[in-house]
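*Asks:* File structure15.pdb below, PDB, C-alpha atoms:
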```
ATOM      1  CA  MET A   1     100.969  65.707 170.562
ATOM      2  CA  THR A   2     102.660  63.824 167.775
ATOM      3  CA  PRO A   3     106.477  64.028 167.651
ATOM      4  CA  LYS A   4     106.190  66.613 164.837
ATOM      5  CA  GLU A   5     103.728  68.721 166.823
ATOM      6  CA  LEU A   6     105.891  68.537 169.933
ATOM      7  CA  VAL A   7     109.060  69.621 168.119
ATOM      8  CA  LEU A   8     107.289  72.445 166.303
ATOM      9  CA  ALA A   9     105.836  73.635 169.615
ATOM     10  CA  LEU A  10     109.350  73.682 171.090
ATOM     11  CA  PHE A  11     110.640  75.670 168.127
ATOM     12  CA  MET A  12     107.767  78.118 168.459
ATOM     13  CA  ALA A  13     108.471  78.611 172.158
ATOM     14  CA  ALA A  14     112.210  79.120 171.657
ATOM     15  CA  PHE A  15     112.434  81.091 168.405
ATOM     16  CA  VAL A  16     109.085  82.856 167.953
ATOM     17  CA  ASP A  17     107.486  83.384 171.352
ATOM     18  CA  HIS A  18     110.821  83.511 173.209
ATOM     19  CA  ASP A  19     109.182  81.810 176.170
ATOM     20  CA  PRO A  20     111.799  79.986 178.289
ATOM     21  CA  GLU A  21     109.296  78.356 180.631
ATOM     22  CA  ALA A  22     107.126  77.054 177.781
ATOM     23  CA  ALA A  23     110.249  75.558 176.214
ATOM     24  CA  ARG A  24     111.299  73.985 179.512
ATOM     25  CA  GLN A  25     107.948  72.192 179.772
ATOM     26  CA  LEU A  26     108.579  70.460 176.431
ATOM     27  CA  VAL A  27     112.014  68.960 177.157
ATOM     28  CA  THR A  28     113.451  66.642 179.767
ATOM     29  CA  PRO A  29     115.673  68.177 182.484
ATOM     30  CA  ASP A  30     118.624  66.145 181.157
ATOM     31  CA  TYR A  31     117.958  67.124 177.534
ATOM     32  CA  ILE A  32     120.981  65.931 175.539
ATOM     33  CA  GLN A  33     122.527  68.701 173.454
ATOM     34  CA  HIS A  34     124.893  68.065 170.522
ATOM     35  CA  ASN A  35     125.208  71.653 169.250
ATOM     36  CA  PRO A  36     128.888  72.362 170.040
ATOM     37  CA  GLN A  37     128.171  75.872 171.367
ATOM     38  CA  ILE A  38     125.310  75.160 173.777
ATOM     39  CA  VAL A  39     125.533  73.639 177.235
ATOM     40  CA  THR A  40     123.687  70.346 177.599
ATOM     41  CA  GLY A  41     120.505  70.004 179.639
ATOM     42  CA  ALA A  42     117.247  71.954 179.710
ATOM     43  CA  ASP A  43     119.052  74.871 181.363
ATOM     44  CA  GLY A  44     121.368  75.171 178.373
ATOM     45  CA  LEU A  45     118.452  75.400 175.948
ATOM     46  CA  VAL A  46     116.458  77.793 178.108
ATOM     47  CA  GLY A  47     119.549  79.941 178.631
ATOM     48  CA  ILE A  48     119.962  80.796 174.950
ATOM     49  CA  ILE A  49     116.380  82.001 174.449
ATOM     50  CA  PRO A  50     117.025  85.555 175.761
ATOM     51  CA  LEU A  51     120.066  85.751 173.443
ATOM     52  CA  VAL A  52     117.888  84.685 170.507
ATOM     53  CA  GLU A  53     115.313  87.347 171.366
ATOM     54  CA  GLN A  54     117.878  90.109 171.861
ATOM     55  CA  SER A  55     119.625  89.328 168.593
ATOM     56  CA  GLY A  56     116.435  89.590 166.551
ATOM     57  CA  MET A  57     117.054  86.119 165.176
ATOM     58  CA  THR A  58     114.174  84.621 163.196
ATOM     59  CA  VAL A  59     113.609  81.171 161.760
ATOM     60  CA  THR A  60     111.787  79.869 158.708
ATOM     61  CA  THR A  61     111.067  76.143 158.588
ATOM     62  CA  HIS A  62     110.942  74.783 155.048
ATOM     63  CA  ARG A  63     110.530  71.045 155.603
ATOM     64  CA  VAL A  64     109.541  68.769 158.478
ATOM     65  CA  ILE A  65     109.972  65.012 158.230
ATOM     66  CA  SER A  66     109.420  62.438 160.915
ATOM     67  CA  GLU A  67     109.946  58.735 161.450
ATOM     68  CA  GLY A  68     109.210  57.024 164.751
ATOM     69  CA  ASP A  69     110.618  59.133 167.567
ATOM     70  CA  MET A  70     112.825  61.260 165.276
ATOM     71  CA  VAL A  71     111.943  64.632 163.714
ATOM     72  CA  VAL A  72     114.029  66.658 161.243
ATOM     73  CA  LEU A  73     113.511  70.364 160.526
ATOM     74  CA  HIS A  74     115.096  72.093 157.532
ATOM     75  CA  ASN A  75     115.491  75.731 158.529
ATOM     76  CA  THR A  76     116.811  79.148 157.604
ATOM     77  CA  PHE A  77     117.955  81.420 160.439
ATOM     78  CA  GLU A  78     118.142  85.180 159.823
ATOM     79  CA  ASN A  79     120.020  87.700 162.012
ATOM     80  CA  ALA A  80     122.004  84.714 163.202
ATOM     81  CA  ASP A  81     125.392  86.351 163.806
ATOM     82  CA  ALA A  82     125.417  84.937 167.338
ATOM     83  CA  PHE A  83     125.677  81.499 165.751
ATOM     84  CA  GLY A  84     128.239  82.377 163.092
ATOM     85  CA  ALA A  85     126.751  84.314 160.156
ATOM     86  CA  PRO A  86     123.896  86.707 159.293
ATOM     87  CA  THR A  87     121.964  83.978 157.474
ATOM     88  CA  LEU A  88     122.340  80.260 158.117
ATOM     89  CA  ALA A  89     120.922  77.121 156.566
ATOM     90  CA  ALA A  90     120.340  74.451 159.174
ATOM     91  CA  PHE A  91     119.108  70.991 159.845
ATOM     92  CA  ASP A  92     117.786  70.445 163.378
ATOM     93  CA  VAL A  93     117.174  66.864 164.465
ATOM     94  CA  PHE A  94     115.246  65.925 167.582
ATOM     95  CA  ARG A  95     114.513  62.697 169.429
ATOM     96  CA  VAL A  96     111.251  62.413 171.347
ATOM     97  CA  GLU A  97     110.500  60.046 174.210
ATOM     98  CA  ASP A  98     107.370  59.747 176.356
ATOM     99  CA  GLY A  99     105.910  63.027 175.135
ATOM    100  CA  LEU A 100     109.008  65.168 175.670
ATOM    101  CA  VAL A 101     112.002  66.168 173.551
ATOM    102  CA  VAL A 102     115.070  64.387 174.908
ATOM    103  CA  GLU A 103     117.891  65.018 172.407
ATOM    104  CA  HIS A 104     118.976  67.497 169.722
ATOM    105  CA  TRP A 105     121.534  67.502 166.921
ATOM    106  CA  ASP A 106     122.114  70.227 164.339
ATOM    107  CA  ASN A 107     124.358  71.489 161.581
ATOM    108  CA  LEU A 108     124.654  75.129 160.493
ATOM    109  CA  GLN A 109     126.186  76.652 157.356
ATOM    110  CA  PRO A 110     126.327  80.259 156.113
ATOM    111  CA  ILE A 111     124.189  80.857 153.024
ATOM    112  CA  PRO A 112     126.229  82.463 150.219
ATOM    113  CA  GLU A 113     124.909  85.172 147.903
ATOM    114  CA  THR A 114     125.368  82.987 144.802
ATOM    115  CA  THR A 115     125.464  79.257 144.093
ATOM    116  CA  VAL A 116     126.904  77.219 141.231
ATOM    117  CA  SER A 117     123.541  75.718 140.240
ATOM    118  CA  GLY A 118     121.560  78.908 140.736
ATOM    119  CA  ARG A 119     119.381  77.146 143.300
ATOM    120  CA  GLY A 120     119.117  78.286 146.903
ATOM    121  CA  MET A 121     120.098  76.115 149.843
ATOM    122  CA  THR A 122     116.508  75.664 151.043
ATOM    123  CA  ASP A 123     114.155  76.164 148.060
ATOM    124  CA  GLY A 124     112.736  73.312 145.978
ATOM    125  CA  GLY A 125     110.280  70.487 146.587
ATOM    126  CA  THR A 126     108.448  70.284 149.892
ATOM    127  CA  GLU A 127     105.460  67.960 149.463
ATOM    128  CA  ILE A 128     105.686  64.637 151.293
ATOM    129  CA  THR A 129     104.333  61.830 149.107
ATOM    130  CA  ASP A 130     104.697  58.051 148.657
ATOM    131  CA  LEU A 131     104.415  57.175 152.339
ATOM    132  CA  ASP A 132     104.058  53.530 151.370
ATOM    133  CA  ARG A 133     107.532  53.644 149.796
ATOM    134  CA  THR A 134     109.369  55.079 152.807
ATOM    135  CA  GLN A 135     111.490  52.006 153.476
ATOM    136  CA  ASP A 136     112.309  51.456 149.796
ATOM    137  CA  ASN A 137     113.388  55.067 149.445
ATOM    138  CA  LYS A 138     115.488  54.836 152.598
ATOM    139  CA  ALA A 139     117.265  51.764 151.212
ATOM    140  CA  LEU A 140     117.858  53.545 147.893
ATOM    141  CA  VAL A 141     119.446  56.585 149.531
ATOM    142  CA  LEU A 142     121.572  54.525 151.909
ATOM    143  CA  GLY A 143     122.820  52.551 148.915
ATOM    144  CA  PHE A 144     123.777  55.810 147.215
ATOM    145  CA  VAL A 145     125.545  57.022 150.363
ATOM    146  CA  ARG A 146     127.450  53.750 150.681
ATOM    147  CA  ASP A 147     128.365  53.206 147.044
ATOM    148  CA  VAL A 148     128.839  56.737 145.705
ATOM    149  CA  LEU A 149     129.633  59.084 148.588
ATOM    150  CA  GLY A 150     131.369  56.391 150.609
ATOM    151  CA  SER A 151     133.183  55.145 147.464
ATOM    152  CA  ALA A 152     132.275  51.469 147.970
ATOM    153  CA  ALA A 153     131.051  51.113 144.367
ATOM    154  CA  PRO A 154     130.837  54.501 142.598
ATOM    155  CA  GLU A 155     130.217  52.767 139.278
ATOM    156  CA  ASN A 156     126.695  51.995 140.554
ATOM    157  CA  VAL A 157     125.710  55.668 140.594
ATOM    158  CA  THR A 158     123.112  55.401 137.804
ATOM    159  CA  LYS A 159     121.334  52.721 139.829
ATOM    160  CA  TYR A 160     120.366  55.478 142.248
ATOM    161  CA  MET A 161     119.953  58.572 140.085
ATOM    162  CA  ASP A 162     119.244  59.668 136.525
ATOM    163  CA  PRO A 163     122.423  61.475 135.375
ATOM    164  CA  ALA A 164     120.356  64.281 133.848
ATOM    165  CA  VAL A 165     117.828  64.739 136.671
ATOM    166  CA  TYR A 166     119.534  65.691 139.914
ATOM    167  CA  MET A 167     118.585  69.110 141.290
ATOM    168  CA  GLN A 168     121.432  70.320 143.448
ATOM    169  CA  HIS A 169     121.155  72.768 146.359
ATOM    170  CA  ASN A 170     124.730  72.463 147.645
ATOM    171  CA  PRO A 171     126.053  75.956 146.808
ATOM    172  CA  LEU A 172     129.347  74.627 145.392
ATOM    173  CA  ILE A 173     127.950  71.920 143.087
ATOM    174  CA  ASP A 174     126.115  72.103 139.782
ATOM    175  CA  ASP A 175     123.052  70.082 138.780
ATOM    176  CA  GLY A 176     123.179  66.542 137.428
ATOM    177  CA  LEU A 177     125.646  63.694 137.763
ATOM    178  CA  ALA A 178     128.225  65.687 135.794
ATOM    179  CA  GLY A 179     128.057  68.457 138.379
ATOM    180  CA  LEU A 180     128.476  66.022 141.254
ATOM    181  CA  MET A 181     131.440  64.227 139.681
ATOM    182  CA  ALA A 182     133.137  67.508 138.734
ATOM    183  CA  ALA A 183     132.801  68.743 142.314
ATOM    184  CA  ILE A 184     134.222  65.530 143.774
ATOM    185  CA  GLU A 185     137.227  65.801 141.437
ATOM    186  CA  ALA A 186     137.709  69.488 142.275
ATOM    187  CA  PHE A 187     137.534  68.845 146.018
ATOM    188  CA  ALA A 188     140.076  66.005 145.662
ATOM    189  CA  ALA A 189     142.433  68.288 143.739
ATOM    190  CA  GLN A 190     142.262  70.706 146.684
ATOM    191  CA  GLY A 191     143.135  67.918 149.120
ATOM    192  CA  GLN A 192     139.536  67.569 150.346
ATOM    193  CA  VAL A 193     139.397  63.799 149.922
ATOM    194  CA  ILE A 194     136.765  61.964 151.954
ATOM    195  CA  THR A 195     138.346  58.994 153.745
ATOM    196  CA  LYS A 196     135.496  58.257 156.170
ATOM    197  CA  PHE A 197     131.754  58.574 155.575
ATOM    198  CA  GLU A 198     129.708  56.816 158.250
ATOM    199  CA  PRO A 199     125.965  57.538 158.585
ATOM    200  CA  GLN A 200     124.883  58.115 162.186
ATOM    201  CA  ILE A 201     121.232  59.199 161.885
ATOM    202  CA  VAL A 202     118.720  58.233 159.188
ATOM    203  CA  VAL A 203     115.165  59.574 159.097
ATOM    204  CA  ALA A 204     112.787  58.895 156.205
ATOM    205  CA  GLU A 205     109.226  59.892 155.466
ATOM    206  CA  GLY A 206     107.801  59.014 152.078
ATOM    207  CA  ASN A 207     109.848  60.594 149.318
ATOM    208  CA  PHE A 208     112.279  62.372 151.676
ATOM    209  CA  VAL A 209     115.314  60.721 153.283
ATOM    210  CA  PHE A 210     117.649  62.509 155.709
ATOM    211  CA  VAL A 211     121.098  61.201 156.627
ATOM    212  CA  ALA A 212     123.543  62.705 159.147
ATOM    213  CA  THR A 213     127.077  61.452 158.592
ATOM    214  CA  ASP A 214     130.309  61.460 160.565
ATOM    215  CA  ALA A 215     133.069  62.102 158.024
ATOM    216  CA  ILE A 216     136.770  62.713 157.622
ATOM    217  CA  MET A 217     137.569  65.125 154.786
ATOM    218  CA  GLY A 218     141.047  66.404 154.103
ATOM    219  CA  GLY A 219     142.166  64.673 157.285
ATOM    220  CA  GLU A 220     139.767  66.673 159.463
ATOM    221  CA  PRO A 221     136.424  65.711 161.096
ATOM    222  CA  TRP A 222     133.284  67.016 159.382
ATOM    223  CA  ALA A 223     129.559  66.555 159.786
ATOM    224  CA  PHE A 224     127.442  66.118 156.658
ATOM    225  CA  PHE A 225     123.680  66.552 157.087
ATOM    226  CA  ASP A 226     121.988  65.617 153.784
ATOM    227  CA  LEU A 227     118.404  65.456 152.585
ATOM    228  CA  TRP A 228     117.340  63.728 149.371
ATOM    229  CA  ARG A 229     114.034  63.668 147.541
ATOM    230  CA  VAL A 230     113.144  60.496 145.642
ATOM    231  CA  GLU A 231     110.767  60.210 142.711
ATOM    232  CA  ASP A 232     109.813  56.971 140.916
ATOM    233  CA  GLY A 233     112.684  55.028 142.439
ATOM    234  CA  LYS A 234     115.429  57.570 141.643
ATOM    235  CA  ILE A 235     117.007  60.381 143.637
ATOM    236  CA  VAL A 236     116.023  63.678 141.987
ATOM    237  CA  GLU A 237     116.917  66.447 144.468
ATOM    238  CA  HIS A 238     119.515  67.086 147.169
ATOM    239  CA  TRP A 239     120.054  69.600 149.974
ATOM    240  CA  ASP A 240     122.843  69.614 152.531
ATOM    241  CA  VAL A 241     124.448  71.488 155.381
ATOM    242  CA  VAL A 242     128.133  70.741 155.873
ATOM    243  CA  ALA A 243     130.282  71.912 158.785
ATOM    244  CA  PRO A 244     133.596  71.059 160.457
ATOM    245  CA  ILE A 245     133.383  69.362 163.839
ATOM    246  CA  PRO A 246     135.205  71.508 166.423
ATOM    247  CA  ALA A 247     137.626  69.960 168.859
ATOM    248  CA  ASP A 248     136.256  71.987 171.772
ATOM    249  CA  MET A 249     132.571  71.826 172.690
ATOM    250  CA  ALA A 250     130.419  73.200 175.494
ATOM    251  CA  HIS A 251     129.633  69.619 176.603
ATOM    252  CA  ASP A 252     130.963  66.060 176.396
ATOM    253  CA  ASN A 253     128.199  64.657 174.168
ATOM    254  CA  GLY A 254     130.086  64.920 170.891
ATOM    255  CA  LYS A 255     128.591  65.971 167.566
ATOM    256  CA  PHE A 256     126.628  62.742 167.211
TER
END
```
Translate the structure of the given file into structure tokens.
*Replies:*
Amino acid sequence: MTPKELVLALFMAAFVDHDPEAARQLVTPDYIQHNPQIVTGADGLVGIIPLVEQSGMTVTTHRVISEGDMVVLHNTFENADAFGAPTLAAFDVFRVEDGLVVEHWDNLQPIPETTVSGRGMTDGGTEITDLDRTQDNKALVLGFVRDVLGSAAPENVTKYMDPAVYMQHNPLIDDGLAGLMAAIEAFAAQGQVITKFEPQIVVAEGNFVFVATDAIMGGEPWAFFDLWRVEDGKIVEHWDVVAPIPADMAHDNGKF
């Protein structure tokens, strides 16, 4: 199986078929878990499957992107109260090695009833195109992350995006550059200033680029999992899942 096929098979076993033994066959015994609530190892993963089944939790996968041994799923979880809210937007990231899944990271965020832009947290473009431009698009997005979100050179923002064409799926931010800048100013006024923004995981496939970032916002540790869609050399669409990093976890692997 390709890395994508392997990860999707694991998701099917865990969240659709609720088959612990099928899931166990797809991961290494020392499977490295970064979800703060789940014990590390294959036993930790297998152990939550009965809880998933009993809760009636379901998953819808909206996007799957892959680069090398890394696979990113963009998901919605329903009936997900066991993980924090009835409906959650999520990014799940997996690392594959020698035909098995060896490591997992994720970020989960409750989906609100309304959003500033009117867009949902998971709708929008899905088609993977421009495979020959993967590395160029990755460089573009990382430049945007460094200069704009990381504040190295925010004046370069129009190098990365058209101010009028930026479809926003963050529930608190409006479309366009104006929406992004207004949100940054509003967050700063509330004391939510970002003082650290360090990418930890980058996965790109064609016109989609995913970045998972270790951040400090308002003096507290946060994880930002972002996905951007690029079109004709400019960023045109953005999704994210943002969550605080808890001090106490079910393992010693950390969030990243």
*Asks:* Write out as a ChimeraX atom specification which residues come within 12 Å of Ser55 of chain A when counting all atoms listed in the file, dropping same-chain ones fewer than 5 positions away.
*Replies:* /A:15,18,48-50,77-83,86
*Asks:* Run through the PyMOL selection byres ((chain A and resi 21) around 12) on the given coordinates and return the selected residues as a ChimeraX atom specification.
*Replies:* /A:10,13-14,17-20,22-27,42-43,45-47,49-50
*Asks:* One decimal, Å: what's the distance from atom CA of Thr126 of chain A over to atom CA of Met167 of chain A, could you say?
*Replies:*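 Atom-to-atom, atom CA of Thr126 of chain A to atom CA of Met167 of chain A, that is 13.3 Å.
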*Asks:* Near Thr40 of chain A, counting all atoms listed in the file, which residues have an atom at most 10 Å away, once you skip same-chain residues fewer than 6 positions from it, shown as a list in words?
*Replies:*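 Counting only the stated atoms, we get Pro29, Asp30, Tyr31, Ile32, Gln33, His34, Glu103, His104, Ala250, His251, Asp252 and Asn253 of chain A.
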*Asks:* Generate a file of the selected residues that holds C-alpha atoms, formatted as a short mmCIF file (atom, residue, chain, number, x, y, z; two decimals), keeping the file's coordinate frame.
*Replies:*
```
data_model
loop_
_atom_site.label_atom_id
_atom_site.label_comp_id
_atom_site.auth_asym_id
_atom_site.auth_seq_id
_atom_site.Cartn_x
_atom_site.Cartn_y
_atom_site.Cartn_z
CA PRO A 29 115.67 68.18 182.48
CA ASP A 30 118.62 66.14 181.16
CA TYR A 31 117.96 67.12 177.53
CA ILE A 32 120.98 65.93 175.54
CA GLN A 33 122.53 68.70 173.45
CA HIS A 34 124.89 68.06 170.52
CA GLU A 103 117.89 65.02 172.41
CA HIS A 104 118.98 67.50 169.72
CA ALA A 250 130.42 73.20 175.49
CA HIS A 251 129.63 69.62 176.60
CA ASP A 252 130.96 66.06 176.40
CA ASN A 253 128.20 64.66 174.17
#
```
*Asks:* So that I can check the surroundings of segment 62-71 of chain A, please list as a list in words every protein, DNA and RNA residue that reaches within 8 Å of it, counting only C-alpha atoms and ignoring chain neighbours fewer than 2 positions away.
*Replies:* Pro3, Lys4, Val7, Thr60, Leu73, His74, Asn75, Thr76, Val93, Phe94, Arg95, Val96, Glu97, Thr122, Asp123, Thr126, Val203, Ala204, Glu205 and Phe208 of chain A
*Asks:* Quick one: which residues end up in the PyMOL selection byres ((chain A and resi 226) around 10) for this structure, as a list in words?
*Replies:* Phe91, Val145, Asn170, Val202, Val209, Phe210, Val211, Ala212, Thr213, Ala223, Phe224, Phe225, Leu227, Trp228, His238, Trp239, Asp240, Val241 and Val242 of chain A
*Asks:* Near segment 190-194 of chain A, within 8 Å and counting all atoms listed in the file, which residues show up once chain neighbours fewer than 4 positions away are dropped, as an mmCIF file with C-alpha atoms, in the coordinates of the input?
*Replies:*
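Full text of result.cif as output:
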```
data_model
loop_
_atom_site.group_PDB
_atom_site.id
_atom_site.type_symbol
_atom_site.label_atom_id
_atom_site.label_comp_id
_atom_site.auth_asym_id
_atom_site.auth_seq_id
_atom_site.Cartn_x
_atom_site.Cartn_y
_atom_site.Cartn_z
ATOM 1 C CA GLY A 150 131.369 56.391 150.609
ATOM 2 C CA ALA A 186 137.709 69.488 142.275
ATOM 3 C CA ALA A 215 133.069 62.102 158.024
ATOM 4 C CA ILE A 216 136.770 62.713 157.622
ATOM 5 C CA MET A 217 137.569 65.125 154.786
ATOM 6 C CA GLY A 218 141.047 66.404 154.103
ATOM 7 C CA GLY A 219 142.166 64.673 157.285
#
```
*Asks:* Apply the PyMOL selection byres ((chain A and resi 115) around 10) to the file shown and report the selected residues as an mmCIF file with C-alpha atoms, in the coordinates of the input.
*Replies:*
```cif
data_model
loop_
_atom_site.group_PDB
_atom_site.id
_atom_site.type_symbol
_atom_site.label_atom_id
_atom_site.label_comp_id
_atom_site.auth_asym_id
_atom_site.auth_seq_id
_atom_site.Cartn_x
_atom_site.Cartn_y
_atom_site.Cartn_z
ATOM 1 C CA ILE A 111 124.189 80.857 153.024
ATOM 2 C CA PRO A 112 126.229 82.463 150.219
ATOM 3 C CA GLU A 113 124.909 85.172 147.903
ATOM 4 C CA THR A 114 125.368 82.987 144.802
ATOM 5 C CA VAL A 116 126.904 77.219 141.231
ATOM 6 C CA SER A 117 123.541 75.718 140.240
ATOM 7 C CA GLY A 118 121.560 78.908 140.736
ATOM 8 C CA ARG A 119 119.381 77.146 143.300
ATOM 9 C CA GLY A 120 119.117 78.286 146.903
ATOM 10 C CA MET A 121 120.098 76.115 149.843
ATOM 11 C CA GLN A 168 121.432 70.320 143.448
ATOM 12 C CA HIS A 169 121.155 72.768 146.359
ATOM 13 C CA ASN A 170 124.730 72.463 147.645
ATOM 14 C CA PRO A 171 126.053 75.956 146.808
ATOM 15 C CA LEU A 172 129.347 74.627 145.392
ATOM 16 C CA ILE A 173 127.950 71.920 143.087
ATOM 17 C CA ASP A 174 126.115 72.103 139.782
#
```
*Asks:* Could you give me, as a list in words, the residues that have an atom at most 7 Å away from the point (106.6, 64.9, 150.4) in the coordinates of the file, using only C-alpha atoms?
*Replies:*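 Residues lying no farther than 7 Å from the given point: Thr126, Glu127, Ile128, Thr129, Gly206, Asn207 and Phe208 of chain A.
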*Asks:* With distances taken over all atoms listed in the file, which of A:Pro163, A:Gly179, A:Gly84, A:Pro221 is nearest to Thr195 of chain A?
*Replies:*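 The closest residue to Thr195 of chain A is A:Pro221.
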*Asks:* Any idea what the distance is between atom CA of Ala243 of chain A and atom CA of Ala89 of chain A?
*Replies:*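 Atom-to-atom, atom CA of Ala243 of chain A to atom CA of Ala89 of chain A, that is 10.9 Å.
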*Asks:* Compare A:Tyr160, A:Val59, A:Leu177, A:Asn107 by their minimum atom-to-atom distance to Asp136 of chain A, counting all atoms listed in the file, and give me the closest one.
*Replies:* A:Tyr160
*Asks:* In Å, how far is it from atom CA of Val72 of chain A to atom CA of Gln54 of chain A?
*Replies:*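 So the answer is 26.0 Å.
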*Asks:* Show which residues sit within 6 Å of Val236 of chain A, as number ranges by chain. Count all atoms listed in the file, and ignore same-chain residues fewer than 6 positions away.
*Replies:* A: 165-166, 229-230
*Asks:* Just checking: using all atoms listed in the file, which residue out of A:Thr87, A:Asp130, A:Asp175, A:Trp105 ends up closest to Asp162 of chain A?
*Replies:*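 Ranking A:Thr87, A:Asp130, A:Asp175, A:Trp105 by distance to Asp162 of chain A, first place goes to A:Asp175.
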